[in-house]
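A.B. asks: For reference, the file run.cif (mmCIF, C-alpha atoms) is included below:
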```cif
data_protein
#
loop_
_atom_site.label_atom_id
_atom_site.label_comp_id
_atom_site.auth_asym_id
_atom_site.auth_seq_id
_atom_site.Cartn_x
_atom_site.Cartn_y
_atom_site.Cartn_z
CA MET A 1 -110.48 -58.65 68.43
CA THR A 2 -106.93 -58.62 67.13
CA ASP A 3 -105.87 -56.14 64.46
CA ALA A 4 -106.02 -58.83 61.80
CA PHE A 5 -109.61 -59.67 62.79
CA VAL A 6 -110.56 -55.98 62.73
CA ALA A 7 -109.19 -55.63 59.21
CA HIS A 8 -111.26 -58.60 57.98
CA ALA A 9 -114.39 -57.34 59.74
CA GLN A 10 -113.96 -53.91 58.12
CA GLU A 11 -113.56 -55.57 54.73
CA LEU A 12 -116.87 -57.34 55.31
CA ARG A 13 -118.65 -54.14 56.37
CA ARG A 14 -117.30 -51.91 53.63
CA GLY A 15 -120.10 -52.29 51.10
CA THR A 16 -122.89 -52.17 53.66
CA ILE A 17 -122.44 -48.41 54.30
CA VAL A 18 -123.80 -47.63 50.82
CA LEU A 19 -126.93 -49.68 51.46
CA ALA A 20 -127.42 -48.09 54.89
CA CYS A 21 -127.12 -44.57 53.42
CA LEU A 22 -129.57 -45.29 50.62
CA ARG A 23 -132.11 -46.64 53.13
CA LEU A 24 -131.65 -43.87 55.73
CA LEU A 25 -131.82 -41.10 53.12
CA ARG A 26 -135.32 -42.03 52.02
CA ASP A 27 -135.93 -39.28 54.58
CA ALA A 28 -133.76 -36.32 53.62
CA GLY A 29 -130.70 -35.82 55.79
CA TYR A 30 -127.40 -33.91 55.89
CA GLY A 31 -123.84 -35.07 56.44
CA TYR A 32 -123.41 -34.92 60.21
CA SER A 33 -126.97 -36.05 61.02
CA LEU A 34 -126.45 -39.08 58.79
CA LEU A 35 -123.19 -39.86 60.55
CA GLU A 36 -125.03 -39.98 63.91
CA GLN A 37 -127.93 -41.97 62.47
CA LEU A 38 -125.51 -44.54 61.03
CA ALA A 39 -123.77 -44.84 64.39
CA SER A 40 -127.06 -45.29 66.28
CA HIS A 41 -128.04 -48.07 63.85
CA GLY A 42 -124.74 -49.82 64.47
CA PHE A 43 -122.87 -48.75 61.31
CA GLU A 44 -119.73 -47.16 62.74
CA THR A 45 -118.51 -44.94 59.92
CA ASP A 46 -115.66 -42.43 59.71
CA ALA A 47 -116.63 -38.93 58.65
CA ASN A 48 -113.84 -38.87 56.08
CA THR A 49 -115.32 -41.99 54.49
CA LEU A 50 -118.95 -40.87 54.56
CA TYR A 51 -118.66 -37.34 53.12
CA PRO A 52 -116.82 -38.34 49.95
CA LEU A 53 -119.19 -41.33 49.62
CA LEU A 54 -122.23 -39.05 49.65
CA ARG A 55 -120.82 -36.91 46.86
CA ARG A 56 -119.91 -40.00 44.85
CA LEU A 57 -123.43 -41.45 45.17
CA GLU A 58 -124.85 -38.07 44.17
CA LYS A 59 -122.61 -37.92 41.12
CA GLN A 60 -123.72 -41.43 40.14
CA GLY A 61 -127.35 -40.36 40.41
CA TYR A 62 -128.35 -42.50 43.41
CA LEU A 63 -128.81 -39.44 45.65
CA GLU A 64 -130.36 -36.05 45.00
CA SER A 65 -129.31 -32.98 46.94
CA GLU A 66 -130.70 -29.60 47.87
CA TRP A 67 -129.29 -26.72 49.90
CA ASN A 68 -131.45 -25.69 52.82
CA THR A 69 -130.68 -22.14 53.96
CA ASP A 70 -133.71 -21.65 56.21
CA GLN A 71 -131.72 -22.46 59.35
CA SER A 72 -128.84 -20.45 60.78
CA ARG A 73 -126.38 -22.89 59.29
CA PRO A 74 -126.82 -23.69 55.56
CA ARG A 75 -126.92 -27.45 55.04
CA LYS A 76 -126.82 -29.72 52.04
CA PHE A 77 -129.63 -32.24 52.31
CA TYR A 78 -129.44 -35.54 50.47
CA LEU A 79 -132.40 -37.69 49.39
CA THR A 80 -132.36 -41.14 47.83
CA SER A 81 -133.40 -40.95 44.17
CA GLU A 82 -135.57 -43.44 42.29
CA GLU A 83 -132.44 -45.02 40.86
CA GLY A 84 -131.01 -45.15 44.38
CA ASP A 85 -134.10 -47.02 45.59
CA LYS A 86 -133.59 -49.60 42.84
CA LEU A 87 -129.96 -49.98 43.84
CA ALA A 88 -130.99 -50.42 47.48
CA GLU A 89 -133.48 -53.14 46.47
CA THR A 90 -130.80 -54.99 44.54
CA LEU A 91 -128.26 -54.71 47.33
CA THR A 92 -130.82 -55.90 49.89
CA ARG A 93 -131.62 -58.96 47.76
CA GLU A 94 -127.92 -59.67 47.49
CA TRP A 95 -127.56 -59.31 51.25
CA HIS A 96 -130.35 -61.83 51.89
CA LEU A 97 -128.74 -64.28 49.49
CA LEU A 98 -125.47 -63.91 51.34
CA THR A 99 -127.14 -64.36 54.72
CA ARG A 100 -128.74 -67.58 53.52
CA ALA A 101 -125.47 -68.75 51.98
CA ILE A 102 -123.57 -68.15 55.20
CA ALA A 103 -126.31 -69.81 57.24
CA SER A 104 -126.06 -72.86 55.01
CA LEU A 105 -122.35 -73.09 55.82
CA THR A 106 -122.93 -73.24 59.58
CA GLU A 107 -125.87 -75.65 59.18
CA GLU A 108 -123.65 -78.12 57.35
CA GLU A 109 -121.33 -78.23 60.34
CA LYS A 110 -124.07 -79.44 62.65
CA MET B 1 -107.12 -11.56 61.81
CA THR B 2 -105.58 -14.99 61.81
CA ALA B 3 -107.49 -17.81 60.15
CA THR B 4 -109.08 -20.41 62.40
CA LEU B 5 -107.99 -24.02 62.24
CA THR B 6 -111.25 -24.87 60.47
CA GLU B 7 -110.67 -22.22 57.80
CA ARG B 8 -107.16 -23.49 57.24
CA TYR B 9 -108.38 -27.08 57.09
CA VAL B 10 -111.20 -26.34 54.65
CA HIS B 11 -108.92 -24.23 52.48
CA ASP B 12 -106.26 -26.94 52.36
CA THR B 13 -108.88 -29.53 51.34
CA VAL B 14 -110.75 -27.43 48.80
CA ARG B 15 -107.70 -26.11 46.94
CA ARG B 16 -106.97 -29.68 45.80
CA LEU B 17 -110.36 -30.03 44.11
CA PRO B 18 -111.48 -29.08 40.60
CA ALA B 19 -112.64 -25.45 40.52
CA ASP B 20 -116.30 -26.23 39.83
CA ALA B 21 -116.64 -28.41 42.95
CA ARG B 22 -114.86 -26.06 45.39
CA ASP B 23 -117.67 -23.78 46.58
CA ASP B 24 -120.08 -26.64 47.14
CA VAL B 25 -117.58 -28.74 49.09
CA ARG B 26 -116.43 -25.71 51.08
CA ARG B 27 -119.95 -24.84 52.29
CA GLU B 28 -120.85 -28.44 53.06
CA LEU B 29 -117.55 -29.20 54.80
CA GLU B 30 -117.75 -26.02 56.91
CA GLY B 31 -121.24 -27.05 57.99
CA SER B 32 -120.21 -30.61 58.80
CA ILE B 33 -117.20 -29.48 60.83
CA ALA B 34 -119.33 -26.92 62.72
CA ASP B 35 -121.86 -29.70 63.53
CA ALA B 36 -119.12 -31.99 64.78
CA VAL B 37 -117.57 -29.21 66.90
CA ASP B 38 -120.96 -28.34 68.41
CA ALA B 39 -121.60 -31.98 69.29
CA ARG B 40 -118.26 -32.18 71.08
CA ILE B 41 -118.86 -28.93 72.97
CA GLU B 42 -122.22 -30.33 74.08
CA GLY B 43 -120.32 -33.36 75.26
CA GLY B 44 -118.28 -31.11 77.56
CA ALA B 45 -115.16 -30.25 75.56
CA SER B 46 -113.76 -26.73 75.37
CA PRO B 47 -114.33 -25.00 71.98
CA ALA B 48 -110.63 -25.07 71.07
CA GLU B 49 -110.28 -28.73 72.00
CA ALA B 50 -113.52 -29.63 70.21
CA GLU B 51 -112.29 -28.02 66.98
CA ARG B 52 -108.92 -29.74 67.17
CA LEU B 53 -110.45 -33.18 67.81
CA ALA B 54 -113.09 -32.78 65.10
CA LEU B 55 -110.46 -31.86 62.51
CA GLU B 56 -108.07 -34.61 63.56
CA GLU B 57 -110.89 -37.11 63.20
CA LEU B 58 -111.36 -35.99 59.59
CA GLY B 59 -107.66 -36.62 59.03
CA ASP B 60 -105.21 -35.46 56.38
CA PRO B 61 -106.89 -32.91 54.06
CA ALA B 62 -105.03 -34.39 51.10
CA ALA B 63 -106.61 -37.80 51.73
CA LEU B 64 -110.05 -36.26 52.21
CA ALA B 65 -109.69 -34.27 48.98
CA SER B 66 -108.70 -37.43 47.11
CA GLY B 67 -111.91 -38.99 48.37
CA PHE B 68 -113.99 -36.02 47.19
CA ALA B 69 -112.29 -35.90 43.81
CA ASP B 70 -112.37 -39.70 43.45
CA ARG B 71 -108.64 -39.76 42.94
CA PRO B 72 -106.63 -42.89 43.70
CA LEU B 73 -104.19 -42.79 46.64
CA ALA B 74 -101.67 -44.87 44.73
CA LEU B 75 -99.26 -43.91 41.99
CA ILE B 76 -100.08 -46.98 39.90
CA GLY B 77 -103.13 -49.00 40.86
CA PRO B 78 -103.65 -52.75 40.61
CA ARG B 79 -105.02 -52.50 37.06
CA PHE B 80 -101.67 -51.39 35.70
CA PHE B 81 -99.16 -52.51 38.32
CA LEU B 82 -98.22 -55.87 36.75
CA LEU B 83 -98.06 -54.44 33.24
CA TRP B 84 -95.83 -51.63 34.52
CA TRP B 85 -93.58 -54.05 36.40
CA ARG B 86 -93.16 -56.43 33.46
CA LEU B 87 -92.42 -53.65 30.99
CA LEU B 88 -89.98 -52.04 33.41
CA LYS B 89 -88.06 -55.31 33.83
CA VAL B 90 -87.88 -55.89 30.07
CA LEU B 91 -86.73 -52.32 29.40
CA LEU B 92 -84.15 -52.28 32.19
CA TRP B 93 -82.65 -55.60 31.13
CA SER B 94 -82.54 -54.70 27.44
CA VAL B 95 -81.91 -50.96 27.14
CA THR B 96 -79.34 -50.65 29.96
CA PRO B 97 -76.76 -53.18 28.70
CA VAL B 98 -77.14 -51.99 25.11
CA ALA B 99 -76.61 -48.36 26.13
CA GLY B 100 -73.65 -49.32 28.34
CA ALA B 101 -72.07 -51.36 25.55
CA GLY B 102 -72.70 -48.52 23.11
CA ALA B 103 -70.97 -46.01 25.37
CA ALA B 104 -68.05 -48.38 25.98
CA ILE B 105 -67.61 -49.04 22.24
CA GLY B 106 -67.79 -45.33 21.48
CA HIS B 107 -65.04 -44.49 23.96
CA ALA B 108 -62.98 -47.49 22.87
CA VAL B 109 -63.10 -46.30 19.26
CA ALA B 110 -62.03 -42.84 20.45
CA ALA B 111 -59.00 -44.63 22.01
CA ASP B 112 -59.80 -43.45 25.55
CA PRO B 113 -58.04 -45.16 28.48
CA VAL B 114 -59.69 -48.28 29.94
CA GLY B 115 -60.68 -46.42 33.13
CA THR B 116 -62.59 -43.81 31.13
CA ILE B 117 -64.34 -46.49 29.07
CA ILE B 118 -65.56 -48.35 32.16
CA ALA B 119 -66.51 -45.17 34.05
CA GLU B 120 -68.44 -43.72 31.11
CA ALA B 121 -70.27 -47.00 30.53
CA ILE B 122 -71.32 -47.10 34.20
CA VAL B 123 -72.44 -43.45 34.15
CA VAL B 124 -74.50 -44.03 31.00
CA MET B 125 -76.10 -47.17 32.46
CA ILE B 126 -77.05 -45.41 35.70
CA SER B 127 -78.65 -42.53 33.84
CA VAL B 128 -80.46 -44.96 31.51
CA ILE B 129 -81.84 -46.85 34.52
CA MET B 130 -83.13 -43.60 36.04
CA HIS B 131 -84.69 -42.42 32.79
CA VAL B 132 -86.36 -45.75 32.05
CA PHE B 133 -87.71 -45.90 35.60
CA PHE B 134 -88.94 -42.32 35.57
CA TRP B 135 -90.60 -42.22 32.15
CA THR B 136 -92.20 -45.66 32.35
CA THR B 137 -93.66 -44.82 35.75
CA ILE B 138 -94.89 -41.39 34.62
CA VAL B 139 -96.63 -42.88 31.59
CA PHE B 140 -98.37 -45.55 33.67
CA ALA B 141 -99.38 -43.08 36.40
CA ILE B 142 -101.04 -40.93 33.72
CA LEU B 143 -102.66 -43.97 32.09
CA ASP B 144 -104.05 -45.06 35.44
CA ARG B 145 -105.48 -41.59 36.18
CA SER B 146 -106.89 -41.01 32.71
CA GLY B 147 -108.99 -44.17 33.08
CA ALA B 148 -107.38 -45.75 30.04
CA HIS B 149 -108.51 -49.26 29.29
CA VAL B 150 -105.95 -51.83 28.25
CA ALA B 151 -107.28 -55.25 27.35
CA THR B 152 -104.71 -57.56 28.89
CA ARG B 153 -106.57 -60.70 29.70
CA TRP B 154 -104.22 -63.35 30.99
CA THR B 155 -104.28 -66.63 29.08
CA VAL B 156 -102.43 -69.90 29.64
CA ASP B 157 -100.29 -69.15 26.58
CA ARG B 158 -98.39 -66.69 28.75
CA LEU B 159 -97.20 -69.31 31.22
CA PRO B 160 -93.42 -69.48 31.30
CA GLU B 161 -91.91 -72.76 30.17
CA ALA B 162 -91.37 -75.37 32.85
CA PRO B 163 -87.77 -75.31 34.13
CA GLU B 164 -86.86 -78.77 32.78
CA GLN B 165 -87.72 -77.73 29.24
CA GLN B 166 -85.21 -74.91 29.29
CA GLY B 167 -81.68 -75.96 28.46
CA SER B 168 -82.81 -79.47 27.64
CA VAL B 169 -80.84 -82.33 26.11
CA ILE B 170 -81.61 -80.98 22.64
CA ASP B 171 -79.91 -77.69 23.53
CA ALA B 172 -76.90 -79.59 24.82
CA VAL B 173 -76.64 -81.63 21.61
CA ALA B 174 -76.93 -78.44 19.54
CA SER B 175 -74.19 -76.74 21.57
CA VAL B 176 -71.83 -79.71 21.16
CA VAL B 177 -72.51 -79.87 17.41
CA VAL B 178 -71.80 -76.16 17.03
CA LEU B 179 -68.54 -76.50 19.02
CA ALA B 180 -67.51 -79.46 16.84
CA LEU B 181 -68.25 -77.48 13.67
CA ILE B 182 -66.12 -74.59 14.94
CA ALA B 183 -63.27 -76.98 15.72
CA GLY B 184 -63.59 -78.48 12.24
CA ALA B 185 -63.58 -75.01 10.68
CA LEU B 186 -60.40 -74.12 12.59
CA PHE B 187 -58.63 -77.21 11.23
CA TRP B 188 -59.97 -76.57 7.72
CA ASP B 189 -58.70 -72.99 7.84
CA ARG B 190 -55.27 -74.19 9.02
CA PHE B 191 -54.75 -76.91 6.42
CA ARG B 192 -56.88 -75.82 3.42
CA GLY B 193 -57.73 -72.14 4.05
CA PHE B 194 -60.97 -70.19 3.78
CA ALA B 195 -59.73 -67.18 1.77
CA PHE B 196 -58.96 -67.39 -1.95
CA LEU B 197 -56.02 -65.02 -2.55
CA ASP B 198 -53.84 -64.82 -5.65
CA GLY B 199 -55.14 -68.07 -7.05
CA ALA B 200 -54.59 -70.13 -3.90
CA TRP B 201 -56.49 -70.97 -0.71
CA THR B 202 -55.05 -69.14 2.28
CA SER B 203 -55.65 -69.35 6.00
CA VAL B 204 -57.69 -66.49 7.47
CA LEU B 205 -56.41 -66.93 11.01
CA SER B 206 -52.79 -66.24 11.76
CA ALA B 207 -50.44 -69.24 11.73
CA ASP B 208 -48.87 -67.79 14.90
CA LEU B 209 -51.93 -68.99 16.80
CA TRP B 210 -50.85 -72.57 16.28
CA PRO B 211 -50.27 -74.62 18.25
CA TRP B 212 -50.49 -72.97 21.68
CA TRP B 213 -53.23 -70.35 21.26
CA ILE B 214 -55.50 -72.64 19.25
CA GLY B 215 -54.70 -75.45 21.67
CA GLY B 216 -55.91 -73.23 24.49
CA LEU B 217 -59.06 -72.44 22.56
CA PHE B 218 -59.71 -76.17 22.03
CA ALA B 219 -59.29 -76.74 25.75
CA ILE B 220 -61.86 -74.01 26.48
CA MET B 221 -64.29 -75.47 23.92
CA LEU B 222 -63.84 -78.97 25.32
CA ALA B 223 -64.53 -77.71 28.83
CA GLU B 224 -67.71 -75.98 27.59
CA ALA B 225 -68.86 -79.13 25.78
CA VAL B 226 -68.31 -81.28 28.87
CA LEU B 227 -70.14 -78.73 31.03
CA VAL B 228 -73.13 -78.56 28.66
CA VAL B 229 -73.46 -82.36 28.46
CA VAL B 230 -73.04 -82.99 32.20
CA ARG B 231 -75.50 -80.21 33.01
CA ALA B 232 -78.08 -81.61 30.58
CA THR B 233 -77.84 -85.09 32.11
CA ARG B 234 -78.32 -83.63 35.59
CA GLY B 235 -81.22 -81.51 34.28
CA VAL B 236 -80.64 -78.54 36.61
CA TRP B 237 -78.20 -75.69 37.10
CA THR B 238 -76.26 -75.98 40.33
CA ARG B 239 -73.93 -73.41 41.88
CA GLY B 240 -71.03 -75.60 40.80
CA PHE B 241 -72.13 -75.64 37.15
CA ALA B 242 -72.67 -71.88 37.17
CA ALA B 243 -69.23 -71.31 38.71
CA VAL B 244 -67.62 -73.50 36.03
CA ARG B 245 -69.54 -71.67 33.29
CA THR B 246 -68.36 -68.34 34.74
CA ALA B 247 -64.74 -69.53 34.84
CA ILE B 248 -64.88 -70.85 31.26
CA THR B 249 -66.41 -67.59 30.08
CA VAL B 250 -63.80 -65.45 31.81
CA VAL B 251 -60.98 -67.53 30.30
CA PHE B 252 -62.55 -67.34 26.84
CA VAL B 253 -63.01 -63.56 27.04
CA SER B 254 -59.39 -63.11 28.16
CA TRP B 255 -58.30 -65.36 25.28
CA ILE B 256 -60.12 -63.44 22.58
CA VAL B 257 -59.32 -59.98 23.98
CA THR B 258 -55.62 -60.88 24.23
CA VAL B 259 -55.52 -62.29 20.71
CA ILE B 260 -57.30 -59.25 19.28
CA GLY B 261 -55.25 -56.84 21.39
CA ARG B 262 -51.94 -58.32 20.20
CA GLY B 263 -53.18 -58.22 16.63
CA ILE B 264 -52.37 -61.87 16.08
CA LEU B 265 -55.87 -63.02 15.15
CA LEU B 266 -55.71 -62.65 11.37
CA SER B 267 -52.85 -63.80 9.18
CA PRO B 268 -50.63 -61.03 7.74
CA ASP B 269 -51.67 -62.02 4.19
CA ILE B 270 -55.31 -61.30 4.99
CA GLY B 271 -54.42 -57.96 6.63
CA ALA B 272 -52.47 -56.94 3.54
CA ALA B 273 -55.30 -58.01 1.22
CA LEU B 274 -57.83 -56.03 3.24
CA SER B 275 -55.78 -52.83 3.26
CA GLU B 276 -55.37 -53.23 -0.52
CA VAL B 277 -59.15 -52.98 -0.94
CA GLY B 278 -59.28 -49.91 1.29
CA VAL B 279 -59.91 -51.41 4.73
CA GLY B 280 -57.32 -49.42 6.65
CA SER B 281 -55.97 -49.97 10.13
CA ASP B 282 -58.57 -47.51 11.59
CA VAL B 283 -61.43 -49.61 10.27
CA MET B 284 -59.74 -52.79 11.46
CA ARG B 285 -59.36 -51.29 14.94
CA ILE B 286 -63.06 -50.41 15.09
CA LEU B 287 -64.02 -53.86 13.84
CA ALA B 288 -61.77 -55.41 16.49
CA ILE B 289 -63.43 -53.32 19.22
CA LEU B 290 -66.90 -54.29 17.99
CA LEU B 291 -65.90 -57.96 17.90
CA ALA B 292 -64.49 -57.79 21.44
CA GLY B 293 -67.60 -55.91 22.61
CA GLY B 294 -69.87 -58.53 21.07
CA VAL B 295 -67.90 -61.35 22.73
CA VAL B 296 -68.07 -59.62 26.14
CA LEU B 297 -71.85 -59.07 25.75
CA GLY B 298 -72.41 -62.71 24.80
CA ALA B 299 -70.23 -63.81 27.72
CA VAL B 300 -72.18 -61.70 30.20
CA ALA B 301 -75.44 -63.15 28.83
CA ALA B 302 -74.11 -66.71 29.20
CA VAL B 303 -73.07 -66.10 32.82
CA ILE B 304 -76.41 -64.46 33.67
CA GLN B 305 -78.28 -67.38 32.07
CA ALA B 306 -76.34 -69.84 34.23
CA TRP B 307 -76.93 -68.00 37.53
CA ASN B 308 -80.58 -67.39 36.60
CA GLY B 309 -80.82 -71.14 36.14
CA VAL B 310 -79.38 -71.70 39.61
CA ARG B 311 -81.97 -69.36 41.13
CA ARG B 312 -84.82 -70.99 39.18
CA ASP B 313 -83.87 -74.61 39.82
CA ARG B 314 -83.16 -74.19 43.51
#
```
Produce structure tokens that represent the structure in this file.

C.D. replies:
Amino acid sequence: MTDAFVAHAQELRRGTIVLACLRLLRDAGYGYSLLEQLASHGFETDANTLYPLLRRLEKQGYLESEWNTDQSRPRKFYLTSEEGDKLAETLTREWHLLTRAIASLTEEEK
Amino acid sequence: MTATLTERYVHDTVRRLPADARDDVRRELEGSIADAVDARIEGGASPAEAERLALEELGDPAALASGFADRPLALIGPRFFLLWWRLLKVLLWSVTPVAGAGAAIGHAVAADPVGTIIAEAIVVMISVIMHVFFWTTIVFAILDRSGAHVATRWTVDRLPEAPEQQGSVIDAVASVVVLALIAGALFWDRFRGFAFLDGAWTSVLSADLWPWWIGGLFAIMLAEAVLVVVRATRGVWTRGFAAVRTAITVVFVSWIVTVIGRGILLSPDIGAALSEVGVGSDVMRILAILLAGGVVLGAVAAVIQAWNGVRRDR
């Protein structure tokens, strides 16, 4: 892909990270583990994008957080809140609508 | 003990955050960096290299801190950019010439040499440009960061007029009528007089202006009238028209400045009558400077209008 294509693809992916986080964090997770989970699901995300995003979603009430100090390294665990679940539902619906809309574009060509 | 790279990185990020968020971000960021470093060491990197790579992947601490604090990475964001740009243009085009003219008039009244007048006017204009730029930008940067809301919905009423409606035939007719009225007034003043002194009508303008100076003025006015009419029939400003307008304007400014400078504008009777009622030569000098300043300002505006027209109609 050329640089211009990459830029457009990134633009398209931008909003999907939020949805992926809200879904993945229905099981509690911490920053770095989430980064790896996202990558393994095919959402390549930069750490410097994800960490601020987690705090922002927490501030907006879509994530809850708790410090876990049982392990040798204290970690901040995030969990999707009830409000976050509702947001994820809405975003998923929107995503399906978009998928259908885009499919309808390619069908017309045939 | 020297601080590790991670400590320096975390410190440089956290110090840019509001105090109440610092401890939380510090602990979380330290943990995240340690996780990333461990993962890289597991992947076979040396500890020092792993730390360096992990930190470089996180990037500039200032950018990361802006993300944490939800601060924009732009001085003026898209919400305010156009408003800022429009206001800046209006202020620069209005305040700068007025301030420059004010400084020039002030130094002219103080009878400073021409070089000083021009230099001071330029200095004042440069400092005005810098101040307008600085303060307008500061205000908008603060507005943008304070989350201020300005309702500026764009409506069609704000569309600029179409080029052909500016400087239309009506404007040309109006200009010619005004020029004709001025010519008529000049003749009236010469043969009947506008001032009523000692029981008789007297000319305001000096009789010395006739015939050559006034003849020159008529030639300038005729040239302007022809230009305005020809331009209106063509409907656009061309480089040629703008050059002619510039030439006419320069000649007119030289005419009026020379006439004022030689003190041959007003008739001696009028000068005597004015000084009788207390308008001394000092006041007359200041009035002359203001008149010349006003003419120069109007001339500059006319030339700018013409060249703007060229740019627009191209």

A.B. asks: Provide the CA of Leu35 in chain A to CA of Ala74 in chain B distance in Å, to one decimal place.

C.D. replies: 27.2 Å

A.B. asks: Just want the 12 Å neighbourhood of Asp35 in chain B, counted on all atoms listed in the file, with same-chain residues fewer than 6 positions away dropped. Output as a compact mmCIF listing (two decimals) with C-alpha atoms, keeping the file's coordinate frame.

C.D. replies:
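Output file result_2.txt is given in full below:
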```
# COMPACT_ATOMS: atom_id res chain seq x y z
CA TYR A 30 -127.40 -33.91 55.89
CA GLY A 31 -123.84 -35.07 56.44
CA TYR A 32 -123.41 -34.92 60.21
CA SER A 33 -126.97 -36.05 61.02
CA LEU A 34 -126.45 -39.08 58.79
CA LEU A 35 -123.19 -39.86 60.55
CA GLU A 36 -125.03 -39.98 63.91
CA ALA A 47 -116.63 -38.93 58.65
CA SER A 72 -128.84 -20.45 60.78
CA ARG A 73 -126.38 -22.89 59.29
CA PRO A 74 -126.82 -23.69 55.56
CA ARG A 75 -126.92 -27.45 55.04
CA GLU B 28 -120.85 -28.44 53.06
CA LEU B 29 -117.55 -29.20 54.80
CA ILE B 41 -118.86 -28.93 72.97
CA GLU B 42 -122.22 -30.33 74.08
CA ALA B 50 -113.52 -29.63 70.21
CA GLU B 51 -112.29 -28.02 66.98
CA ALA B 54 -113.09 -32.78 65.10
CA LEU B 55 -110.46 -31.86 62.51
```

A.B. asks: Would you translate the PyMOL selection byres ((chain B) within 12 of (chain A)) into the concrete set of residues it matches in this file, as an MDAnalysis selection string?

C.D. replies: chainID B and resid 13 21 24:39 54:71

A.B. asks: What gap, in Å, lies between CA of Asp198 in chain B and CA of Met284 in chain B?

C.D. replies: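 Computing it gives 21.7 Å between the two atoms.
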
A.B. asks: Please work out which residues fall within 10 Å of (-134.1, -37.5, 44.2), coordinates as given in the file, with only C-alpha atoms counting, and return them as a list in words.

C.D. replies: Leu25, Arg26, Ala28, Glu58, Gly61, Tyr62, Leu63, Glu64, Ser65, Glu66, Tyr78, Leu79, Thr80, Ser81, Glu82, Glu83, Gly84 and Asp85 of chain A

A.B. asks: Just so the selection is clear, what residues does the PyMOL selection byres ((chain B and resi 241) around 12) cover here, as number ranges by chain?

C.D. replies: B: 223-224, 226-232, 234-240, 242-248, 303, 305-310

A.B. asks: Using Å and a single decimal, report how far CA of Thr233 in chain B sits from CA of Ile220 in chain B.

C.D. replies: 20.2 Å

A.B. asks: Restricting the calculation to all atoms listed in the file: of B:Gly106, B:Pro72, B:Gly100, B:Pro211, which residue gets closest to Ile142 in chain B?

C.D. replies: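 Using all atoms listed in the file, Ile142 in chain B sits closest to B:Pro72.
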
A.B. asks: Which residue gives the smallest distance to Asp23 in chain B among B:Ile289, B:Val250, B:Val10, B:Ala273, with all atoms listed in the file counted?

C.D. replies: B:Val10

A.B. asks: Give me the result of the PyMOL selection byres ((chain B and resi 270) around 10) on this file, residue by residue, as an mmCIF file with C-alpha atoms, in the frame of the given file.

C.D. replies:
```
data_model
loop_
_atom_site.group_PDB
_atom_site.id
_atom_site.type_symbol
_atom_site.label_atom_id
_atom_site.label_comp_id
_atom_site.auth_asym_id
_atom_site.auth_seq_id
_atom_site.Cartn_x
_atom_site.Cartn_y
_atom_site.Cartn_z
ATOM 1 C CA ALA B 195 -59.730 -67.180 1.770
ATOM 2 C CA PHE B 196 -58.960 -67.390 -1.950
ATOM 3 C CA LEU B 197 -56.020 -65.020 -2.550
ATOM 4 C CA THR B 202 -55.050 -69.140 2.280
ATOM 5 C CA SER B 203 -55.650 -69.350 6.000
ATOM 6 C CA VAL B 204 -57.690 -66.490 7.470
ATOM 7 C CA LEU B 205 -56.410 -66.930 11.010
ATOM 8 C CA SER B 206 -52.790 -66.240 11.760
ATOM 9 C CA LEU B 266 -55.710 -62.650 11.370
ATOM 10 C CA SER B 267 -52.850 -63.800 9.180
ATOM 11 C CA PRO B 268 -50.630 -61.030 7.740
ATOM 12 C CA ASP B 269 -51.670 -62.020 4.190
ATOM 13 C CA GLY B 271 -54.420 -57.960 6.630
ATOM 14 C CA ALA B 272 -52.470 -56.940 3.540
ATOM 15 C CA ALA B 273 -55.300 -58.010 1.220
ATOM 16 C CA LEU B 274 -57.830 -56.030 3.240
ATOM 17 C CA SER B 275 -55.780 -52.830 3.260
ATOM 18 C CA GLU B 276 -55.370 -53.230 -0.520
#
```

A.B. asks: Closest to Val257 in chain B among B:Leu73, B:Ile182, B:Leu291, B:Asp171, using only C-alpha atoms?

C.D. replies: B:Leu291

A.B. asks: Taking only C-alpha atoms into account, name the residue in A:Ala7, A:Asp70, A:His41, A:Arg93 that is nearest to Cys21 in chain A.

C.D. replies: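 Under the stated criterion, the closest residue is A:His41.
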
A.B. asks: If we count all atoms listed in the file, what is near Lys89 in chain B at a cut-off of 10 Å, once residues fewer than 4 positions away on the same chain are taken out, given as a VMD selection string?

C.D. replies: chain B and resid 84 to 85 93 to 94 132 to 133

A.B. asks: For Leu143 in chain B, work out the shell of residues within 12 Å, counting only C-alpha atoms and skipping chain neighbours fewer than 2 positions away, then give it as a JSON list (two decimals) with C-alpha atoms, in the coordinates of the input.

C.D. replies:
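To be explicit, this is the file written out as result.json:
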```
[["chain", "number", "residue", "atom", "x", "y", "z"],
["B", 75, "LEU", "CA", -99.26, -43.91, 41.99],
["B", 76, "ILE", "CA", -100.08, -46.98, 39.90],
["B", 77, "GLY", "CA", -103.13, -49.00, 40.86],
["B", 79, "ARG", "CA", -105.02, -52.50, 37.06],
["B", 80, "PHE", "CA", -101.67, -51.39, 35.70],
["B", 81, "PHE", "CA", -99.16, -52.51, 38.32],
["B", 83, "LEU", "CA", -98.06, -54.44, 33.24],
["B", 84, "TRP", "CA", -95.83, -51.63, 34.52],
["B", 136, "THR", "CA", -92.20, -45.66, 32.35],
["B", 137, "THR", "CA", -93.66, -44.82, 35.75],
["B", 138, "ILE", "CA", -94.89, -41.39, 34.62],
["B", 139, "VAL", "CA", -96.63, -42.88, 31.59],
["B", 140, "PHE", "CA", -98.37, -45.55, 33.67],
["B", 141, "ALA", "CA", -99.38, -43.08, 36.40],
["B", 145, "ARG", "CA", -105.48, -41.59, 36.18],
["B", 146, "SER", "CA", -106.89, -41.01, 32.71],
["B", 147, "GLY", "CA", -108.99, -44.17, 33.08],
["B", 148, "ALA", "CA", -107.38, -45.75, 30.04],
["B", 149, "HIS", "CA", -108.51, -49.26, 29.29],
["B", 150, "VAL", "CA", -105.95, -51.83, 28.25]]
```
